[in-house]
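What follows is the content of my_file10.cif, which has mmCIF, C-alpha atoms and all ligand atoms; chains and numbers go by the auth columns:
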```
data_upload
loop_
_atom_site.group_PDB
_atom_site.id
_atom_site.type_symbol
_atom_site.label_atom_id
_atom_site.label_comp_id
_atom_site.label_asym_id
_atom_site.label_seq_id
_atom_site.Cartn_x
_atom_site.Cartn_y
_atom_site.Cartn_z
_atom_site.B_iso_or_equiv
_atom_site.auth_seq_id
_atom_site.auth_asym_id
ATOM 1 C CA MET A 1 41.520 -52.605 -33.933 0.00 1 O
ATOM 2 C CA ASN A 2 41.803 -54.792 -30.836 0.00 2 O
ATOM 3 C CA ILE A 3 44.839 -56.176 -29.038 0.00 3 O
ATOM 4 C CA VAL A 4 44.558 -59.592 -27.399 0.00 4 O
ATOM 5 C CA LEU A 5 47.028 -60.552 -24.676 0.00 5 O
ATOM 6 C CA ILE A 6 47.827 -64.234 -24.401 0.00 6 O
ATOM 7 C CA GLY A 7 49.960 -66.061 -21.853 0.00 7 O
ATOM 8 C CA TYR A 8 50.117 -68.515 -18.999 0.00 8 O
ATOM 9 C CA MET A 9 48.589 -67.744 -15.599 0.00 9 O
ATOM 10 C CA GLY A 10 50.865 -65.282 -13.829 0.00 10 O
ATOM 11 C CA SER A 11 52.472 -63.910 -16.996 0.00 11 O
ATOM 12 C CA GLY A 12 51.135 -60.423 -16.246 0.00 12 O
ATOM 13 C CA LYS A 13 48.351 -60.217 -18.834 0.00 13 O
ATOM 14 C CA SER A 14 46.103 -58.061 -16.639 0.00 14 O
ATOM 15 C CA LEU A 15 48.806 -55.684 -15.408 0.00 15 O
ATOM 16 C CA ILE A 16 50.324 -55.203 -18.857 0.00 16 O
ATOM 17 C CA GLY A 17 46.910 -55.076 -20.526 0.00 17 O
ATOM 18 C CA SER A 18 45.588 -52.223 -18.413 0.00 18 O
ATOM 19 C CA ALA A 19 48.866 -50.271 -18.756 0.00 19 O
ATOM 20 C CA LEU A 20 48.887 -50.786 -22.529 0.00 20 O
ATOM 21 C CA ALA A 21 45.234 -49.729 -22.815 0.00 21 O
ATOM 22 C CA SER A 22 45.805 -46.497 -20.941 0.00 22 O
ATOM 23 C CA ILE A 23 48.838 -45.572 -23.083 0.00 23 O
ATOM 24 C CA LEU A 24 46.980 -46.317 -26.329 0.00 24 O
ATOM 25 C CA GLU A 25 43.790 -44.719 -24.978 0.00 25 O
ATOM 26 C CA PHE A 26 41.988 -47.983 -25.712 0.00 26 O
ATOM 27 C CA ASP A 27 39.310 -49.566 -23.542 0.00 27 O
ATOM 28 C CA TYR A 28 40.422 -52.496 -21.422 0.00 28 O
ATOM 29 C CA ILE A 29 38.678 -55.829 -20.802 0.00 29 O
ATOM 30 C CA ASP A 30 39.951 -58.658 -18.641 0.00 30 O
ATOM 31 C CA LEU A 31 38.074 -61.718 -19.922 0.00 31 O
ATOM 32 C CA ASP A 32 38.040 -63.380 -16.469 0.00 32 O
ATOM 33 C CA ASP A 33 36.470 -60.244 -14.930 0.00 33 O
ATOM 34 C CA TYR A 34 33.991 -60.088 -17.811 0.00 34 O
ATOM 35 C CA ILE A 35 32.992 -63.724 -17.215 0.00 35 O
ATOM 36 C CA GLU A 36 32.640 -63.121 -13.460 0.00 36 O
ATOM 37 C CA ASN A 37 30.405 -60.088 -14.082 0.00 37 O
ATOM 38 C CA GLN A 38 28.222 -61.901 -16.594 0.00 38 O
ATOM 39 C CA GLU A 39 27.903 -65.063 -14.513 0.00 39 O
ATOM 40 C CA LYS A 40 27.711 -63.177 -11.189 0.00 40 O
ATOM 41 C CA LYS A 41 30.149 -65.682 -9.694 0.00 41 O
ATOM 42 C CA THR A 42 33.902 -65.824 -9.205 0.00 42 O
ATOM 43 C CA ILE A 43 35.948 -68.082 -11.501 0.00 43 O
ATOM 44 C CA SER A 44 36.504 -70.445 -8.547 0.00 44 O
ATOM 45 C CA GLU A 45 32.763 -70.600 -7.847 0.00 45 O
ATOM 46 C CA ILE A 46 32.032 -71.385 -11.506 0.00 46 O
ATOM 47 C CA PHE A 47 34.580 -74.245 -11.482 0.00 47 O
ATOM 48 C CA ASP A 48 33.229 -75.529 -8.136 0.00 48 O
ATOM 49 C CA ASP A 49 29.529 -75.261 -8.970 0.00 49 O
ATOM 50 C CA LYS A 50 29.454 -76.171 -12.660 0.00 50 O
ATOM 51 C CA GLY A 51 32.852 -77.613 -13.571 0.00 51 O
ATOM 52 C CA GLU A 52 35.537 -76.761 -16.097 0.00 52 O
ATOM 53 C CA ILE A 53 33.579 -77.850 -19.199 0.00 53 O
ATOM 54 C CA TYR A 54 30.832 -75.344 -18.392 0.00 54 O
ATOM 55 C CA PHE A 55 33.484 -72.664 -17.757 0.00 55 O
ATOM 56 C CA ARG A 56 35.115 -73.347 -21.150 0.00 56 O
ATOM 57 C CA LYS A 57 31.747 -73.074 -22.933 0.00 57 O
ATOM 58 C CA GLN A 58 31.001 -69.740 -21.315 0.00 58 O
ATOM 59 C CA GLU A 59 34.560 -68.531 -21.903 0.00 59 O
ATOM 60 C CA HIS A 60 34.127 -69.271 -25.624 0.00 60 O
ATOM 61 C CA THR A 61 30.815 -67.385 -25.785 0.00 61 O
ATOM 62 C CA TYR A 62 32.169 -64.339 -23.935 0.00 62 O
ATOM 63 C CA LEU A 63 35.343 -64.304 -26.031 0.00 63 O
ATOM 64 C CA LYS A 64 33.154 -63.973 -29.137 0.00 64 O
ATOM 65 C CA ASP A 65 31.368 -61.024 -27.421 0.00 65 O
ATOM 66 C CA VAL A 66 34.512 -59.140 -26.543 0.00 66 O
ATOM 67 C CA LEU A 67 36.126 -59.667 -29.951 0.00 67 O
ATOM 68 C CA GLN A 68 33.268 -57.526 -31.348 0.00 68 O
ATOM 69 C CA LYS A 69 34.545 -54.466 -29.439 0.00 69 O
ATOM 70 C CA ASN A 70 36.746 -51.869 -31.027 0.00 70 O
ATOM 71 C CA ASP A 71 39.930 -50.171 -29.874 0.00 71 O
ATOM 72 C CA THR A 72 40.104 -52.484 -26.897 0.00 72 O
ATOM 73 C CA VAL A 73 42.924 -54.320 -25.181 0.00 73 O
ATOM 74 C CA ILE A 74 41.637 -57.736 -24.080 0.00 74 O
ATOM 75 C CA SER A 75 43.516 -59.906 -21.562 0.00 75 O
ATOM 76 C CA LEU A 76 42.524 -63.548 -21.932 0.00 76 O
ATOM 77 C CA GLY A 77 42.604 -66.267 -19.286 0.00 77 O
ATOM 78 C CA GLY A 78 45.655 -68.533 -19.491 0.00 78 O
ATOM 79 C CA GLY A 79 43.606 -71.371 -21.005 0.00 79 O
ATOM 80 C CA THR A 80 41.433 -69.340 -23.372 0.00 80 O
ATOM 81 C CA PRO A 81 43.468 -69.865 -26.591 0.00 81 O
ATOM 82 C CA CYS A 82 43.701 -73.625 -25.953 0.00 82 O
ATOM 83 C CA PHE A 83 40.006 -74.587 -26.008 0.00 83 O
ATOM 84 C CA ALA A 84 36.951 -74.602 -28.288 0.00 84 O
ATOM 85 C CA GLY A 85 38.761 -73.334 -31.385 0.00 85 O
ATOM 86 C CA ASN A 86 39.380 -70.013 -29.644 0.00 86 O
ATOM 87 C CA MET A 87 42.845 -69.458 -31.127 0.00 87 O
ATOM 88 C CA ASP A 88 41.421 -69.876 -34.637 0.00 88 O
ATOM 89 C CA LEU A 89 38.698 -67.389 -33.744 0.00 89 O
ATOM 90 C CA ILE A 90 41.360 -64.879 -32.672 0.00 90 O
ATOM 91 C CA ILE A 91 43.491 -65.473 -35.772 0.00 91 O
ATOM 92 C CA GLU A 92 40.506 -65.117 -38.077 0.00 92 O
ATOM 93 C CA ALA A 93 39.003 -62.077 -36.313 0.00 93 O
ATOM 94 C CA GLU A 94 39.264 -58.846 -38.258 0.00 94 O
ATOM 95 C CA LYS A 95 41.770 -56.261 -37.051 0.00 95 O
ATOM 96 C CA VAL A 96 43.055 -58.211 -34.065 0.00 96 O
ATOM 97 C CA LYS A 97 46.711 -58.319 -33.067 0.00 97 O
ATOM 98 C CA SER A 98 47.609 -61.047 -30.596 0.00 98 O
ATOM 99 C CA ILE A 99 50.568 -60.738 -28.254 0.00 99 O
ATOM 100 C CA TYR A 100 52.026 -63.652 -26.301 0.00 100 O
ATOM 101 C CA LEU A 101 53.579 -62.624 -22.999 0.00 101 O
ATOM 102 C CA GLN A 102 56.210 -65.312 -22.559 0.00 102 O
ATOM 103 C CA THR A 103 57.480 -65.900 -19.026 0.00 103 O
ATOM 104 C CA SER A 104 59.973 -68.524 -17.861 0.00 104 O
ATOM 105 C CA LEU A 105 58.956 -71.621 -15.907 0.00 105 O
ATOM 106 C CA GLU A 106 61.011 -70.417 -12.926 0.00 106 O
ATOM 107 C CA GLU A 107 59.369 -66.997 -12.850 0.00 107 O
ATOM 108 C CA LEU A 108 55.851 -68.411 -13.294 0.00 108 O
ATOM 109 C CA THR A 109 56.412 -70.925 -10.478 0.00 109 O
ATOM 110 C CA HIS A 110 57.756 -68.213 -8.189 0.00 110 O
ATOM 111 C CA ARG A 111 54.829 -65.867 -8.897 0.00 111 O
ATOM 112 C CA LEU A 112 52.080 -68.484 -8.843 0.00 112 O
ATOM 113 C CA LEU A 113 53.166 -70.060 -5.550 0.00 113 O
ATOM 114 C CA SER A 114 51.767 -66.999 -3.780 0.00 114 O
ATOM 115 C CA GLU A 115 48.932 -66.364 -6.254 0.00 115 O
ATOM 116 C CA ARG A 116 47.262 -69.757 -6.411 0.00 116 O
ATOM 117 C CA SER A 117 44.147 -69.262 -4.343 0.00 117 O
ATOM 118 C CA LYS A 118 41.930 -67.652 -7.019 0.00 118 O
ATOM 119 C CA ARG A 119 43.094 -70.117 -9.684 0.00 119 O
ATOM 120 C CA PRO A 120 41.155 -73.381 -9.407 0.00 120 O
ATOM 121 C CA LEU A 121 43.520 -75.399 -11.632 0.00 121 O
ATOM 122 C CA ILE A 122 46.489 -74.882 -9.296 0.00 122 O
ATOM 123 C CA ALA A 123 44.923 -73.934 -5.950 0.00 123 O
ATOM 124 C CA HIS A 124 45.654 -77.411 -4.534 0.00 124 O
ATOM 125 C CA LEU A 125 49.369 -77.396 -5.454 0.00 125 O
ATOM 126 C CA THR A 126 50.982 -76.232 -2.217 0.00 126 O
ATOM 127 C CA ASN A 127 54.390 -77.787 -2.863 0.00 127 O
ATOM 128 C CA GLU A 128 56.726 -75.735 -5.087 0.00 128 O
ATOM 129 C CA ASP A 129 58.139 -78.779 -6.945 0.00 129 O
ATOM 130 C CA ASP A 130 54.646 -80.125 -7.658 0.00 130 O
ATOM 131 C CA LEU A 131 53.535 -76.717 -8.907 0.00 131 O
ATOM 132 C CA LYS A 132 56.606 -76.445 -11.145 0.00 132 O
ATOM 133 C CA ASP A 133 55.994 -79.917 -12.613 0.00 133 O
ATOM 134 C CA PHE A 134 52.376 -79.045 -13.324 0.00 134 O
ATOM 135 C CA ILE A 135 53.284 -75.750 -15.012 0.00 135 O
ATOM 136 C CA ARG A 136 56.051 -77.414 -17.081 0.00 136 O
ATOM 137 C CA LYS A 137 53.643 -79.994 -18.557 0.00 137 O
ATOM 138 C CA HIS A 138 50.865 -77.471 -18.996 0.00 138 O
ATOM 139 C CA LEU A 139 53.157 -74.986 -20.767 0.00 139 O
ATOM 140 C CA PHE A 140 54.381 -77.735 -23.073 0.00 140 O
ATOM 141 C CA GLU A 141 50.781 -78.500 -24.119 0.00 141 O
ATOM 142 C CA ARG A 142 49.675 -74.886 -24.338 0.00 142 O
ATOM 143 C CA SER A 143 52.699 -73.457 -26.168 0.00 143 O
ATOM 144 C CA PHE A 144 51.320 -74.877 -29.405 0.00 144 O
ATOM 145 C CA TYR A 145 48.468 -72.366 -29.151 0.00 145 O
ATOM 146 C CA TYR A 146 50.387 -69.483 -27.545 0.00 146 O
ATOM 147 C CA ASN A 147 53.017 -69.630 -30.307 0.00 147 O
ATOM 148 C CA GLN A 148 50.393 -68.873 -32.942 0.00 148 O
ATOM 149 C CA SER A 149 50.255 -65.269 -31.654 0.00 149 O
ATOM 150 C CA ASP A 150 51.319 -62.449 -33.976 0.00 150 O
ATOM 151 C CA ILE A 151 53.922 -61.058 -31.595 0.00 151 O
ATOM 152 C CA LYS A 152 55.906 -62.598 -28.742 0.00 152 O
ATOM 153 C CA VAL A 153 57.300 -60.546 -25.859 0.00 153 O
ATOM 154 C CA GLN A 154 59.579 -61.991 -23.163 0.00 154 O
ATOM 155 C CA THR A 155 58.626 -60.626 -19.757 0.00 155 O
ATOM 156 C CA ASP A 156 61.329 -61.929 -17.388 0.00 156 O
ATOM 157 C CA GLN A 157 63.220 -59.260 -15.472 0.00 157 O
ATOM 158 C CA LYS A 158 61.507 -56.443 -17.316 0.00 158 O
ATOM 159 C CA THR A 159 59.498 -53.549 -15.933 0.00 159 O
ATOM 160 C CA VAL A 160 55.876 -52.995 -16.970 0.00 160 O
ATOM 161 C CA GLU A 161 57.044 -49.903 -18.918 0.00 161 O
ATOM 162 C CA THR A 162 59.580 -51.929 -20.935 0.00 162 O
ATOM 163 C CA ILE A 163 57.095 -54.675 -21.759 0.00 163 O
ATOM 164 C CA VAL A 164 54.422 -52.162 -22.788 0.00 164 O
ATOM 165 C CA THR A 165 56.923 -50.315 -24.997 0.00 165 O
ATOM 166 C CA GLU A 166 58.041 -53.558 -26.666 0.00 166 O
HETATM 167 C C1 LIG B . 42.948 -70.485 -16.389 0.00 201 C
HETATM 168 C C2 LIG B . 43.472 -69.228 -16.150 0.00 201 C
HETATM 169 C C3 LIG B . 42.761 -68.222 -15.370 0.00 201 C
HETATM 170 C C4 LIG B . 41.245 -68.440 -15.428 0.00 201 C
HETATM 171 C C5 LIG B . 40.910 -69.850 -15.037 0.00 201 C
HETATM 172 C C6 LIG B . 41.586 -70.894 -15.935 0.00 201 C
HETATM 173 C C7 LIG B . 43.748 -71.455 -17.186 0.00 201 C
HETATM 174 O O1 LIG B . 43.084 -66.916 -15.864 0.00 201 C
HETATM 175 O O2 LIG B . 40.749 -68.162 -16.707 0.00 201 C
HETATM 176 O O3 LIG B . 41.318 -70.026 -13.706 0.00 201 C
HETATM 177 O O4 LIG B . 43.189 -72.443 -17.692 0.00 201 C
HETATM 178 O O5 LIG B . 44.985 -71.211 -17.336 0.00 201 C
HETATM 179 P P1 LIG B . 44.507 -66.181 -15.574 0.00 201 C
HETATM 180 O O6 LIG B . 45.457 -66.603 -16.649 0.00 201 C
HETATM 181 O O7 LIG B . 44.149 -64.728 -15.674 0.00 201 C
HETATM 182 O O8 LIG B . 44.946 -66.572 -14.211 0.00 201 C
#
```
Give the structure from the file, written as structure tokens.
Amino acid sequence: MNIVLIGYMGSGKSLIGSALASILEFDYIDLDDYIENQEKKTISEIFDDKGEIYFRKQEHTYLKDVLQKNDTVISLGGGTPCFAGNMDLIIEAEKVKSIYLQTSLEELTHRLLSERSKRPLIAHLTNEDDLKDFIRKHLFERSFYYNQSDIKVQTDQKTVETIVTE
């Protein structure tokens, strides 16, 4: 079976995903890294050179690839479940458990303020209040998809070990 980690940017999908994979002795794939390797460009370069629509098309194609793996923990990008019917693909995939890492608006804003540069959708938001407003609206839109996950785990004020155990 495969485990798919879902959550907003900065919710810890990559950190938790690799820790979970090593405990379960599963393989680990970070979809953003997979896309960068396949496209031979960083996510920012793909957005800059070809735009978001191209990125979303490629993201959809590579998601289908990685869902074919077995015994793999897959961390998605924050937007992956929200485009191109991807959440339906995940729900309908055989032997896939999806886990939503839910993080508060305050915590996401705090984390993302210092981790914006590699994230083209928020790289320009230098002001904390502007960033928080953006995340609030975005989370509101995206929660519809995130909430379709099989399992939800709150991540605020928890260690990696606790989250992985949960
Ligand atoms: C995105 C999240 C990013 C990356 C791209 C778009 C999004 O992944 O896929 O910048 O739409 O939320 P992370 O959630 O790993 O930052």
Next on the checklist: Can you spell out as a PyMOL selection string the set of residues that the PyMOL selection byres (((chain O and resi 72-88) around 8) and not hetatm) selects in the structure I just provided?
Outcome noted: chain O and resi 1-9+13-14+17-18+20-21+26-32+56-57+59-60+63+66+69-71+89-92+142+145-146+148
Draw an axis-aligned box over all listed atoms of ligand LIG 201 (chain C), pad each side with 5 Å, and write its centre and edge lengths in Å, one decimal, as JSON.
```
{"center_x": 43.1, "center_y": -68.6, "center_z": -15.7, "size_x": 14.7, "size_y": 17.7, "size_z": 14.0}
```
Next on the checklist: as a PyMOL selection string, please: the residues near stretch 105-112 of chain O (cut-off 8 Å, all atoms listed in the file, same-chain neighbours under 4 positions excluded).
Outcome noted: chain O and resi 9-11+116+128+131-132+135-136+156
Item to check | Straight-line distance linking atom CA of O:Phe140 with atom O5 of ligand LIG 201 (chain C), stated in Å to one decimal | outcome: 12.8 Å
Checklist entry - Residues at most 10 Å from O:Phe134, counting only C-alpha atoms, excluding those fewer than 4 positions away in the same chain, as a ChimeraX atom specification? => result /O:109,121-122,125,128-130,138-139
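Between atom CA of O:Glu45 and atom CA of O:Ala19 the separation is 28.1 Å.
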Next on the checklist: Please report the interatomic distance between atom CA of O:Lys97 and atom O3 of ligand LIG 201 (chain C) in Å with one decimal.
Outcome noted: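 Pair atom CA of O:Lys97 / atom O3 of ligand LIG 201 (chain C) returns 23.3 Å.
Residue nearest ligand LIG 201 (chain C) within the list O:Thr126, O:Ser98, O:Ser22, O:Ser143: O:Ser143 [criterion: smallest interatomic distance, all atoms listed in the file].
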Checklist entry - Closest to O:Ser44 among O:Ala123, O:Leu15, O:Val160, O:Ile99, using only C-alpha atoms? => result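 Of O:Ala123, O:Leu15, O:Val160, O:Ile99, the one nearest O:Ser44 is O:Ala123, counting only C-alpha atoms.
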Checklist entry - Out of O:Gln68, O:Thr165, O:Ser117, O:Gln38, which residue has the shortest atom-to-atom distance to ligand LIG 201 (chain C) when counting only C-alpha atoms and all ligand atoms? => result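 So, comparing all the options, the nearest one is O:Ser117.
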Checklist entry - Which one of O:His124, O:Lys40, O:Ala93, O:Lys118 sits closest to O:Lys64 if you count all atoms listed in the file? => result O:Ala93
Reconstruct stretch 91-102 of chain O at the level of all heavy atoms, and format the result as a short mmCIF file (atom, residue, chain, number, x, y, z; two decimals), in the coordinates of the input.
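The new file selection.cif reads:
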```
data_model
loop_
_atom_site.label_atom_id
_atom_site.label_comp_id
_atom_site.auth_asym_id
_atom_site.auth_seq_id
_atom_site.Cartn_x
_atom_site.Cartn_y
_atom_site.Cartn_z
N ILE O 91 42.69 -65.64 -34.54
CA ILE O 91 43.49 -65.47 -35.77
C ILE O 91 42.61 -64.96 -36.91
O ILE O 91 43.02 -64.09 -37.69
CB ILE O 91 44.17 -66.81 -36.16
CG1 ILE O 91 45.26 -67.16 -35.14
CG2 ILE O 91 44.76 -66.77 -37.57
CD1 ILE O 91 45.78 -68.58 -35.24
N GLU O 92 41.39 -65.48 -36.96
CA GLU O 92 40.51 -65.12 -38.08
C GLU O 92 39.75 -63.80 -37.85
O GLU O 92 39.17 -63.25 -38.79
CB GLU O 92 39.50 -66.25 -38.34
CG GLU O 92 40.17 -67.44 -39.03
CD GLU O 92 39.45 -68.76 -38.80
OE1 GLU O 92 38.26 -68.74 -38.39
OE2 GLU O 92 40.09 -69.81 -39.00
N ALA O 93 39.75 -63.31 -36.60
CA ALA O 93 39.00 -62.08 -36.31
C ALA O 93 39.62 -60.92 -37.09
O ALA O 93 40.83 -60.87 -37.28
CB ALA O 93 39.04 -61.78 -34.83
N GLU O 94 38.76 -60.00 -37.51
CA GLU O 94 39.26 -58.85 -38.26
C GLU O 94 39.96 -57.88 -37.32
O GLU O 94 39.50 -57.63 -36.21
CB GLU O 94 38.09 -58.12 -38.92
CG GLU O 94 37.83 -58.67 -40.31
CD GLU O 94 36.72 -57.92 -40.99
OE1 GLU O 94 36.69 -56.68 -40.89
OE2 GLU O 94 35.88 -58.59 -41.61
N LYS O 95 41.07 -57.32 -37.78
CA LYS O 95 41.77 -56.26 -37.05
C LYS O 95 42.06 -56.63 -35.60
O LYS O 95 41.73 -55.88 -34.67
CB LYS O 95 40.95 -54.97 -37.10
CG LYS O 95 40.80 -54.42 -38.50
CD LYS O 95 40.12 -53.07 -38.46
CE LYS O 95 39.75 -52.62 -39.85
NZ LYS O 95 38.74 -51.59 -39.88
N VAL O 96 42.61 -57.81 -35.41
CA VAL O 96 43.06 -58.21 -34.06
C VAL O 96 44.53 -58.55 -34.12
O VAL O 96 44.97 -59.31 -34.98
CB VAL O 96 42.27 -59.44 -33.55
CG1 VAL O 96 42.90 -60.00 -32.29
CG2 VAL O 96 40.82 -59.07 -33.29
N LYS O 97 45.30 -57.94 -33.21
CA LYS O 97 46.71 -58.32 -33.07
C LYS O 97 46.82 -59.10 -31.76
O LYS O 97 46.34 -58.65 -30.71
CB LYS O 97 47.60 -57.07 -32.92
CG LYS O 97 48.09 -56.52 -34.23
CD LYS O 97 49.48 -57.09 -34.58
CE LYS O 97 49.98 -56.59 -35.90
NZ LYS O 97 49.83 -57.53 -37.00
N SER O 98 47.44 -60.27 -31.82
CA SER O 98 47.61 -61.05 -30.60
C SER O 98 49.06 -60.98 -30.13
O SER O 98 49.99 -61.02 -30.94
CB SER O 98 47.18 -62.49 -30.82
OG SER O 98 47.85 -63.05 -31.92
N ILE O 99 49.23 -60.85 -28.84
CA ILE O 99 50.57 -60.74 -28.25
C ILE O 99 50.71 -61.80 -27.17
O ILE O 99 49.89 -61.87 -26.24
CB ILE O 99 50.78 -59.34 -27.63
CG1 ILE O 99 50.53 -58.25 -28.67
CG2 ILE O 99 52.19 -59.23 -27.04
CD1 ILE O 99 50.63 -56.83 -28.14
N TYR O 100 51.74 -62.61 -27.30
CA TYR O 100 52.03 -63.65 -26.30
C TYR O 100 53.05 -63.11 -25.31
O TYR O 100 54.18 -62.79 -25.69
CB TYR O 100 52.56 -64.89 -27.03
CG TYR O 100 53.10 -66.01 -26.17
CD1 TYR O 100 52.72 -66.17 -24.83
CD2 TYR O 100 53.98 -66.94 -26.70
CE1 TYR O 100 53.21 -67.21 -24.06
CE2 TYR O 100 54.49 -67.99 -25.94
CZ TYR O 100 54.10 -68.12 -24.61
OH TYR O 100 54.60 -69.14 -23.86
N LEU O 101 52.65 -63.01 -24.06
CA LEU O 101 53.58 -62.62 -23.00
C LEU O 101 54.24 -63.90 -22.49
O LEU O 101 53.61 -64.72 -21.83
CB LEU O 101 52.83 -61.92 -21.87
CG LEU O 101 52.13 -60.62 -22.25
CD1 LEU O 101 51.41 -60.02 -21.04
CD2 LEU O 101 53.11 -59.61 -22.84
N GLN O 102 55.51 -64.07 -22.86
CA GLN O 102 56.21 -65.31 -22.56
C GLN O 102 57.06 -65.13 -21.30
O GLN O 102 57.91 -64.23 -21.24
CB GLN O 102 57.10 -65.71 -23.74
CG GLN O 102 57.65 -67.10 -23.59
CD GLN O 102 58.39 -67.55 -24.85
OE1 GLN O 102 59.11 -66.77 -25.46
NE2 GLN O 102 58.22 -68.79 -25.21
#
```
